[in-house]
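Q: Could you have a look at this structure, given as structure tokens, before my questions?
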Amino acid sequence: MRKVLIWVPLLLFLAFIALFASGLFKPDDRIIHSRLVGQALPAFDLPAAASDRPGLSSAQMAGGKPRLLNIFASWCVPCAAEAPQLMVLKQAGVEIDAIAIRDARADVDGFLARNGNPFARIGLDARSAVQIALGSSGVPETFVIDGAGRIAYQHIGEIRADDVPMILEKLRDAQ
Amino acid sequence: MIAEFGLAALWLAAALALLQLFLACVGLKGGKAELLDAVRPAAVGQGLLTAAAFAALISLFLRSDMSVLLVAMNSHSAKPWLYKFAGSWGNHEGSMLLWVTVMGVAGAAVAMFERALRRDTHMATLGAQAAISLGFYAFLLFSSNPFARIDPPPPDGQGLNPLLQDPGLAFHPPTLYLGYVGLSVAFSFAVGALLTRTVDAAFARAMRPWVLAAWVLLTLGITAGSYWAYYELGWGGWWFWDPVENASLMPWLAATALLHSVTVLATRDGLRAWTIMLAVVAFSMSMVGTFLVRSGILTSVHAFAVDPERGSFILVLLAIYIGGALALFGWRIGSVREGAPFELVSRETLLVVNNLLLSVILGIVLIGTLYPLMTEAFGHKVSVGAPYFDRIAGPIALALMVAMAAGPVTRWRRDRAGAVAKRLSVPAAVALLAAAAIGIFAWGRIGLLPYLGLTIAIAVGVASLAPLWKRKLLRTPLFTWGMVIAHLGCAVSLGGMACDSAFTVEKLVAARPGETIRTAGWTLRFVQIRPVAGDNWTGIQADMAVDRGGAPVLMRPQSRFFTSPPTTTSEAALLTRWNGQLYVVLGEEVEGGRWQLRIWWKPFVTLIWLGGALIALGGALALVGRERRGWLMKWRARTVAA
């Protein structure tokens, strides 16, 4: 018994070395894609995050027409950077709803006053619970939701000016 | 010239390490005493040369010699001198130079001051230390040269990460490294003992002071690092289970277990194989931690230059040294006789319990840290957060604390359960009273784990003093005092943790100058917001007049903007009172001239670090006590002989 046990640490260590080597030589991919793409939105019902917009529930997202769901936060700098692109999309007739992550109403109001408000409804996800359920790992992220309330596409990171045509195309595809 | 001098010193040190290894091998194998005589001077020379190389690097940083690539990348002429100084190890190459310097100096110390070890084991230990050093010299010289020049030199440097521009950084990494790398001595001792087959009580007595010294420094370094993260990051937490933090905690857990098992080996000649295994594991955890942090295979909030080539280099070193030591263990430990047996109710049993629980916590932290890597190997992405560590490691740590209360009042070899229970009756009564009092006072406001934590902290605090009961305090040996104080420190620290997690009051407000905020019995008057400037930063500062019934005190949380590199940091304002800390962070400006303010009242949070300092103090007292007793005995023997 003792004879066998003596070699256990070495074997364990070799397993760790194999693990380390596999981690070291694997191509790096830090982008996490949601597993829900192609599936229905998880059910949620969030209170209003801003003073002049209603809250958001998953039922409202299945309105027959494709729309965008933007995940943002007032404390997130790239979110402010993508605000002009969201305004452009809104002016192109796209309906955009949003979820504010770990935020406070006064802060969201300030953010929208500074950066413009392209959103129809804004839900407050105070503990990131809905964000996690959506399979979103950061802010900003934008989901294309088809008319039946299914996630058609997930855009990770801010929407840049040259992403706008692609987003519009995804919305057309989701018809 | 200084850079070339430093590089030359490093090459010479590497050559001496090679010579030291060669002399020890050939000398031991061929039984040639004259070769072995040269091992100690070689080790001392190596220590001096590494120290000289490190001094050269510090001097380059202090002079802001921008023709040296490392200085240009990590320093800036406008920085205060303290951060130029600290900048020399606030980067990959510099910290690896610190690593080999600590190894070299520790090796020199073992060569000069170790007298208790059998000569052949001593030489084998020094040979092992040289062998480990060699790998790190190679790493430094071939893939992380700190003295590389840049031509033409840039007009000025790129600066140091502003988060690191803090007096805490001048103290915390070197201390941590002294402990972290100091454990290499225990590793070398274990290899030396395996090679010469001398695992016995005398060996344990020789190894113990080195383990204690490294452990004290590691404790201090972790405590200081935790406090630095607490006030510098401005998140209000004191431990984040970040991979870099775990990398320092894992060697500490192993070293703490080793410290206790080496005592069993020294006192009762038991736990032979286990002690050797722990000595190997402790420094292995230092190396694994370094690999995890430097290779970039785990994401961490700590910024280190990430480089897969360096990662592979360290991985190879890991495979050679740890794999080699474990293979040697498997091959040789069979020939080490089983140590002395002991009864079920004995201090040995409780120390075994301590070791098992510490090992389990170590395993939990290791698995939690590596879990993202394991699942990634199968194509899943996960991250393991604080709740896992708190929920799994927390209860085991509490069980460990209970064992800690019983250990010191239980006799070696054999004791009666009834007698132990009797000795623990006072702490047990205190525990019941405390449990009732906290229950009445805080029912519904306190979670189960903090509740148990606070109760156990109070009971263990009382129990830790039990070894002093009915003793003449002045005649109690210093190492007993050390144990008592270290155990008391654990209780104090646990009490702080429990209070912080149970009673912290957090308030997030958007306030305008002139407004008053009330929270947790404090009144904070937001006097004004004004610009401030330092040597290499500008910032804004909120002046807050703070009181809880007495004269107001001014608190000044700041938001600082550094230009090189361009970064914003928030400097939390802390107000320490006997029963806790008020912690104020200034956030961004929101609409209408309002500023975000995050305010925490953290009752008794300072006990966490006070406890850490007590643990280190206890270790230091034990070290001095043991060593002094050794000197006294030697001195008496000499006077008797004369």
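Every chain in the structure tokens takes a letter, A first, then B, and so on in the order presented; its residues are numbered from 1, and the ligands are numbered from 1 following the presented order.
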Please provide as a PDB file with N, CA and C atoms, in the first residue's frame all residues within 10 Å of Arg102 in chain A, with the sequence filter that same-chain residues fewer than 2 positions apart are discarded (counting only C-alpha atoms).
A:
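Wrote part.pdb, looks like this:
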```pdb
ATOM      1  N   PHE A  72     -25.833  47.196 -21.329  1.00  0.00           N
ATOM      2  CA  PHE A  72     -24.897  48.289 -21.076  1.00  0.00           C
ATOM      3  C   PHE A  72     -24.871  48.625 -19.592  1.00  0.00           C
ATOM      4  N   ALA A  73     -24.036  49.609 -19.261  1.00  0.00           N
ATOM      5  CA  ALA A  73     -23.992  50.113 -17.884  1.00  0.00           C
ATOM      6  C   ALA A  73     -23.494  51.545 -17.932  1.00  0.00           C
ATOM      7  N   SER A  74     -23.967  52.351 -17.009  1.00  0.00           N
ATOM      8  CA  SER A  74     -23.568  53.766 -17.018  1.00  0.00           C
ATOM      9  C   SER A  74     -22.092  53.912 -16.679  1.00  0.00           C
ATOM     10  N   TRP A  75     -21.535  52.890 -15.978  1.00  0.00           N
ATOM     11  CA  TRP A  75     -20.141  52.986 -15.563  1.00  0.00           C
ATOM     12  C   TRP A  75     -19.181  52.440 -16.616  1.00  0.00           C
ATOM     13  N   ILE A  99     -30.763  46.534 -21.262  1.00  0.00           N
ATOM     14  CA  ILE A  99     -30.671  46.107 -19.869  1.00  0.00           C
ATOM     15  C   ILE A  99     -29.448  46.799 -19.272  1.00  0.00           C
ATOM     16  N   ALA A 100     -29.650  47.525 -18.178  1.00  0.00           N
ATOM     17  CA  ALA A 100     -28.540  48.186 -17.487  1.00  0.00           C
ATOM     18  C   ALA A 100     -28.052  47.265 -16.373  1.00  0.00           C
ATOM     19  N   ALA A 104     -27.569  52.227 -11.017  1.00  0.00           N
ATOM     20  CA  ALA A 104     -28.527  52.953 -10.191  1.00  0.00           C
ATOM     21  C   ALA A 104     -29.271  53.943 -11.086  1.00  0.00           C
ATOM     22  N   LEU A 124     -33.573  47.105 -15.350  1.00  0.00           N
ATOM     23  CA  LEU A 124     -32.431  47.188 -14.437  1.00  0.00           C
ATOM     24  C   LEU A 124     -32.085  45.792 -13.916  1.00  0.00           C
ATOM     25  N   ASP A 125     -30.875  45.349 -14.205  1.00  0.00           N
ATOM     26  CA  ASP A 125     -30.407  44.040 -13.741  1.00  0.00           C
ATOM     27  C   ASP A 125     -29.356  44.282 -12.668  1.00  0.00           C
ATOM     28  N   ALA A 126     -29.836  44.468 -11.437  1.00  0.00           N
ATOM     29  CA  ALA A 126     -28.950  44.973 -10.381  1.00  0.00           C
ATOM     30  C   ALA A 126     -27.841  43.988 -10.030  1.00  0.00           C
ATOM     31  N   ARG A 127     -28.103  42.683 -10.127  1.00  0.00           N
ATOM     32  CA  ARG A 127     -27.090  41.707  -9.721  1.00  0.00           C
ATOM     33  C   ARG A 127     -26.568  40.886 -10.893  1.00  0.00           C
ATOM     34  N   SER A 128     -26.774  41.369 -12.126  1.00  0.00           N
ATOM     35  CA  SER A 128     -26.296  40.667 -13.328  1.00  0.00           C
ATOM     36  C   SER A 128     -26.960  39.317 -13.547  1.00  0.00           C
ATOM     37  N   ALA A 129     -28.059  39.034 -12.872  1.00  0.00           N
ATOM     38  CA  ALA A 129     -28.657  37.703 -12.964  1.00  0.00           C
ATOM     39  C   ALA A 129     -29.150  37.425 -14.380  1.00  0.00           C
TER      40      ALA A 129
END
```
Q: Could you list, as a tab-separated table (two decimals) with C-alpha atoms, in the first residue's frame, the residues of chain A having an atom within 9 Å of chain B when counting only C-alpha atoms?
A:
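As a result, selection28.tsv now contains:
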```tsv
chain	number	residue	atom	x	y	z
A	2	ARG	CA	2.69	2.45	1.08
A	3	LYS	CA	4.73	1.54	-2.01
A	5	LEU	CA	1.00	5.78	-2.30
A	6	ILE	CA	4.57	7.01	-2.54
A	7	TRP	CA	4.24	7.46	-6.29
A	8	VAL	CA	0.84	9.18	-6.22
A	9	PRO	CA	2.26	12.72	-5.82
A	10	LEU	CA	4.48	12.27	-8.87
A	13	PHE	CA	2.10	16.28	-10.67
A	14	LEU	CA	2.56	14.82	-14.16
A	17	ILE	CA	2.12	19.37	-16.07
A	19	LEU	CA	-2.76	20.31	-18.05
A	20	PHE	CA	-0.40	23.30	-17.90
A	21	ALA	CA	1.16	22.38	-21.22
A	22	SER	CA	-2.24	22.05	-22.87
A	23	GLY	CA	-3.25	25.45	-21.46
A	24	LEU	CA	-0.01	27.00	-22.62
A	25	PHE	CA	-0.03	25.81	-26.20
A	26	LYS	CA	-3.71	26.15	-26.93
A	28	ASP	CA	-5.86	31.94	-26.86
A	30	ARG	CA	-10.96	34.86	-24.42
A	32	ILE	CA	-17.18	33.84	-24.67
A	75	TRP	CA	-20.14	52.99	-15.56
A	106	ALA	CA	-29.63	58.39	-11.11
A	107	ASP	CA	-26.54	57.10	-12.91
A	109	ASP	CA	-30.42	58.97	-16.20
A	110	GLY	CA	-27.11	60.84	-16.25
A	111	PHE	CA	-25.63	58.45	-18.82
A	113	ALA	CA	-28.65	62.61	-20.74
A	114	ARG	CA	-24.99	62.71	-21.77
```
Q: Which is closest to Cys79 in chain A among A:Glu169, A:Glu158, A:Asp52, A:Asp45, if we use only C-alpha atoms?
A: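 Of A:Glu169, A:Glu158, A:Asp52, A:Asp45, the one nearest Cys79 in chain A, counting only C-alpha atoms, is A:Glu158.
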Q: Counting only C-alpha atoms, which of B:Arg560, B:His76, B:Arg40, B:Arg208 gets nearest to Ala116 in chain B?
A: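 Of B:Arg560, B:His76, B:Arg40, B:Arg208, the one nearest Ala116 in chain B is B:Arg208, counting only C-alpha atoms.
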Q: Would you compute the distance between CA of Ile615 in chain B and CA of Ser493 in chain B? Give it in Å to one decimal.
A: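 Interatomic distance here is 9.0 Å.
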Q: Just the number, please: distance in Å from CA of Ala111 in chain B to CA of Ala42 in chain B, one decimal.
A: 9.0 Å
Q: With a distance cut-off of 8 Å and only C-alpha atoms, select the neighbouring residues of Leu41 in chain A, excluding the residue or stretch itself and same-chain residues fewer than 6 positions from it, and output the selection as a CSV table (one decimal) with C-alpha atoms, in the first residue's frame.
A:
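The resulting file, part-v6.csv, is shown below:
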```csv
chain,number,residue,atom,x,y,z
A,58,SER,CA,-38.8,38.9,-22.0
A,134,LEU,CA,-28.4,35.4,-21.4
A,149,GLY,CA,-38.2,36.2,-29.2
A,150,ARG,CA,-35.3,34.0,-30.2
A,151,ILE,CA,-31.7,35.1,-30.0
```
Q: Could you jot down the CA of Leu554 in chain B to CA of Leu169 in chain B separation for me, Å, one decimal place?
A: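 These two atoms are separated by 25.9 Å.
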Q: Check range 42-174 of chain A with DSSP on the backbone and list each residue it calls alpha helix (DSSP H), as an mmCIF file with N, CA and C atoms, in the first residue's frame.
A:
```
data_model
loop_
_atom_site.group_PDB
_atom_site.id
_atom_site.type_symbol
_atom_site.label_atom_id
_atom_site.label_comp_id
_atom_site.auth_asym_id
_atom_site.auth_seq_id
_atom_site.Cartn_x
_atom_site.Cartn_y
_atom_site.Cartn_z
ATOM 1 N N VAL A 77 -17.214 52.544 -20.068
ATOM 2 C CA VAL A 77 -16.742 53.551 -21.020
ATOM 3 C C VAL A 77 -17.025 53.166 -22.479
ATOM 4 N N PRO A 78 -16.767 51.909 -22.906
ATOM 5 C CA PRO A 78 -17.089 51.533 -24.288
ATOM 6 C C PRO A 78 -18.575 51.693 -24.606
ATOM 7 N N CYS A 79 -19.437 51.594 -23.558
ATOM 8 C CA CYS A 79 -20.866 51.768 -23.800
ATOM 9 C C CYS A 79 -21.161 53.194 -24.270
ATOM 10 N N ALA A 80 -20.436 54.163 -23.658
ATOM 11 C CA ALA A 80 -20.615 55.545 -24.111
ATOM 12 C C ALA A 80 -20.089 55.679 -25.537
ATOM 13 N N ALA A 81 -19.015 54.933 -25.851
ATOM 14 C CA ALA A 81 -18.426 55.030 -27.186
ATOM 15 C C ALA A 81 -19.363 54.475 -28.256
ATOM 16 N N GLU A 82 -20.192 53.483 -27.898
ATOM 17 C CA GLU A 82 -21.059 52.904 -28.927
ATOM 18 C C GLU A 82 -22.395 53.647 -29.033
ATOM 19 N N ALA A 83 -22.643 54.619 -28.139
ATOM 20 C CA ALA A 83 -23.944 55.306 -28.138
ATOM 21 C C ALA A 83 -24.286 55.945 -29.489
ATOM 22 N N PRO A 84 -23.340 56.640 -30.163
ATOM 23 C CA PRO A 84 -23.707 57.232 -31.464
ATOM 24 C C PRO A 84 -24.181 56.176 -32.479
ATOM 25 N N GLN A 85 -23.549 55.000 -32.476
ATOM 26 C CA GLN A 85 -23.939 53.950 -33.428
ATOM 27 C C GLN A 85 -25.361 53.455 -33.130
ATOM 28 N N LEU A 86 -25.700 53.378 -31.832
ATOM 29 C CA LEU A 86 -27.057 52.967 -31.476
ATOM 30 C C LEU A 86 -28.065 54.015 -31.947
ATOM 31 N N MET A 87 -27.686 55.305 -31.848
ATOM 32 C CA MET A 87 -28.571 56.360 -32.339
ATOM 33 C C MET A 87 -28.783 56.221 -33.836
ATOM 34 N N VAL A 88 -27.692 55.919 -34.563
ATOM 35 C CA VAL A 88 -27.801 55.728 -36.013
ATOM 36 C C VAL A 88 -28.773 54.592 -36.313
ATOM 37 N N LEU A 89 -28.651 53.491 -35.574
ATOM 38 C CA LEU A 89 -29.527 52.339 -35.786
ATOM 39 C C LEU A 89 -30.983 52.707 -35.504
ATOM 40 N N LYS A 90 -31.182 53.495 -34.442
ATOM 41 C CA LYS A 90 -32.541 53.891 -34.094
ATOM 42 C C LYS A 90 -33.127 54.749 -35.216
ATOM 43 N N GLN A 91 -32.288 55.680 -35.739
ATOM 44 C CA GLN A 91 -32.791 56.531 -36.825
ATOM 45 C C GLN A 91 -33.087 55.710 -38.073
ATOM 46 N N ARG A 105 -30.516 54.215 -10.745
ATOM 47 C CA ARG A 105 -31.354 55.008 -11.635
ATOM 48 C C ARG A 105 -30.752 56.382 -11.936
ATOM 49 N N ALA A 106 -30.208 57.053 -10.907
ATOM 50 C CA ALA A 106 -29.633 58.387 -11.115
ATOM 51 C C ALA A 106 -28.483 58.313 -12.114
ATOM 52 N N ASP A 107 -27.682 57.235 -12.010
ATOM 53 C CA ASP A 107 -26.538 57.099 -12.910
ATOM 54 C C ASP A 107 -26.994 56.838 -14.340
ATOM 55 N N VAL A 108 -28.024 55.982 -14.492
ATOM 56 C CA VAL A 108 -28.520 55.675 -15.840
ATOM 57 C C VAL A 108 -29.096 56.944 -16.462
ATOM 58 N N ASP A 109 -29.861 57.716 -15.677
ATOM 59 C CA ASP A 109 -30.416 58.969 -16.197
ATOM 60 C C ASP A 109 -29.301 59.883 -16.686
ATOM 61 N N GLY A 110 -28.231 59.992 -15.876
ATOM 62 C CA GLY A 110 -27.106 60.842 -16.253
ATOM 63 C C GLY A 110 -26.453 60.358 -17.534
ATOM 64 N N PHE A 111 -26.271 59.046 -17.635
ATOM 65 C CA PHE A 111 -25.635 58.452 -18.820
ATOM 66 C C PHE A 111 -26.453 58.759 -20.070
ATOM 67 N N LEU A 112 -27.802 58.595 -19.967
ATOM 68 C CA LEU A 112 -28.660 58.810 -21.130
ATOM 69 C C LEU A 112 -28.713 60.292 -21.489
ATOM 70 N N ALA A 113 -28.645 61.167 -20.461
ATOM 71 C CA ALA A 113 -28.651 62.606 -20.739
ATOM 72 C C ALA A 113 -27.378 63.000 -21.494
ATOM 73 N N ARG A 114 -26.261 62.373 -21.116
ATOM 74 C CA ARG A 114 -24.989 62.711 -21.771
ATOM 75 C C ARG A 114 -24.881 62.107 -23.161
ATOM 76 N N ASN A 115 -25.325 60.865 -23.316
ATOM 77 C CA ASN A 115 -25.014 60.111 -24.535
ATOM 78 C C ASN A 115 -26.204 59.913 -25.458
ATOM 79 N N ALA A 129 -28.059 39.034 -12.872
ATOM 80 C CA ALA A 129 -28.657 37.703 -12.964
ATOM 81 C C ALA A 129 -29.150 37.425 -14.380
ATOM 82 N N VAL A 130 -29.850 38.394 -14.984
ATOM 83 C CA VAL A 130 -30.368 38.196 -16.333
ATOM 84 C C VAL A 130 -29.218 38.157 -17.337
ATOM 85 N N GLN A 131 -28.222 38.994 -17.081
ATOM 86 C CA GLN A 131 -27.060 39.003 -17.978
ATOM 87 C C GLN A 131 -26.424 37.612 -18.040
ATOM 88 N N ILE A 132 -26.286 36.997 -16.882
ATOM 89 C CA ILE A 132 -25.683 35.668 -16.845
ATOM 90 C C ILE A 132 -26.601 34.665 -17.535
ATOM 91 N N ALA A 133 -27.913 34.799 -17.288
ATOM 92 C CA ALA A 133 -28.871 33.876 -17.926
ATOM 93 C C ALA A 133 -28.810 33.993 -19.446
ATOM 94 N N LEU A 134 -28.514 35.194 -19.919
ATOM 95 C CA LEU A 134 -28.412 35.395 -21.368
ATOM 96 C C LEU A 134 -27.105 34.841 -21.934
ATOM 97 N N VAL A 164 -22.251 48.787 -38.192
ATOM 98 C CA VAL A 164 -23.676 49.104 -38.320
ATOM 99 C C VAL A 164 -24.344 48.379 -39.512
ATOM 100 N N PRO A 165 -23.728 48.391 -40.724
ATOM 101 C CA PRO A 165 -24.385 47.684 -41.833
ATOM 102 C C PRO A 165 -24.570 46.192 -41.533
ATOM 103 N N MET A 166 -23.557 45.598 -40.865
ATOM 104 C CA MET A 166 -23.641 44.177 -40.540
ATOM 105 C C MET A 166 -24.805 43.910 -39.584
ATOM 106 N N ILE A 167 -24.974 44.794 -38.576
ATOM 107 C CA ILE A 167 -26.077 44.635 -37.624
ATOM 108 C C ILE A 167 -27.418 44.752 -38.362
ATOM 109 N N LEU A 168 -27.495 45.718 -39.272
ATOM 110 C CA LEU A 168 -28.753 45.884 -40.035
ATOM 111 C C LEU A 168 -29.051 44.639 -40.851
ATOM 112 N N GLU A 169 -27.994 44.039 -41.413
ATOM 113 C CA GLU A 169 -28.180 42.822 -42.207
ATOM 114 C C GLU A 169 -28.668 41.667 -41.338
ATOM 115 N N LYS A 170 -28.087 41.566 -40.116
ATOM 116 C CA LYS A 170 -28.516 40.510 -39.189
ATOM 117 C C LYS A 170 -29.992 40.692 -38.843
ATOM 118 N N LEU A 171 -30.396 41.970 -38.690
ATOM 119 C CA LEU A 171 -31.804 42.234 -38.375
ATOM 120 C C LEU A 171 -32.700 41.804 -39.543
ATOM 121 N N ARG A 172 -32.240 42.062 -40.787
ATOM 122 C CA ARG A 172 -33.032 41.648 -41.962
ATOM 123 C C ARG A 172 -33.116 40.128 -42.016
ATOM 124 N N ASP A 173 -31.973 39.462 -41.738
ATOM 125 C CA ASP A 173 -31.957 37.995 -41.766
ATOM 126 C C ASP A 173 -32.908 37.410 -40.747
#
```
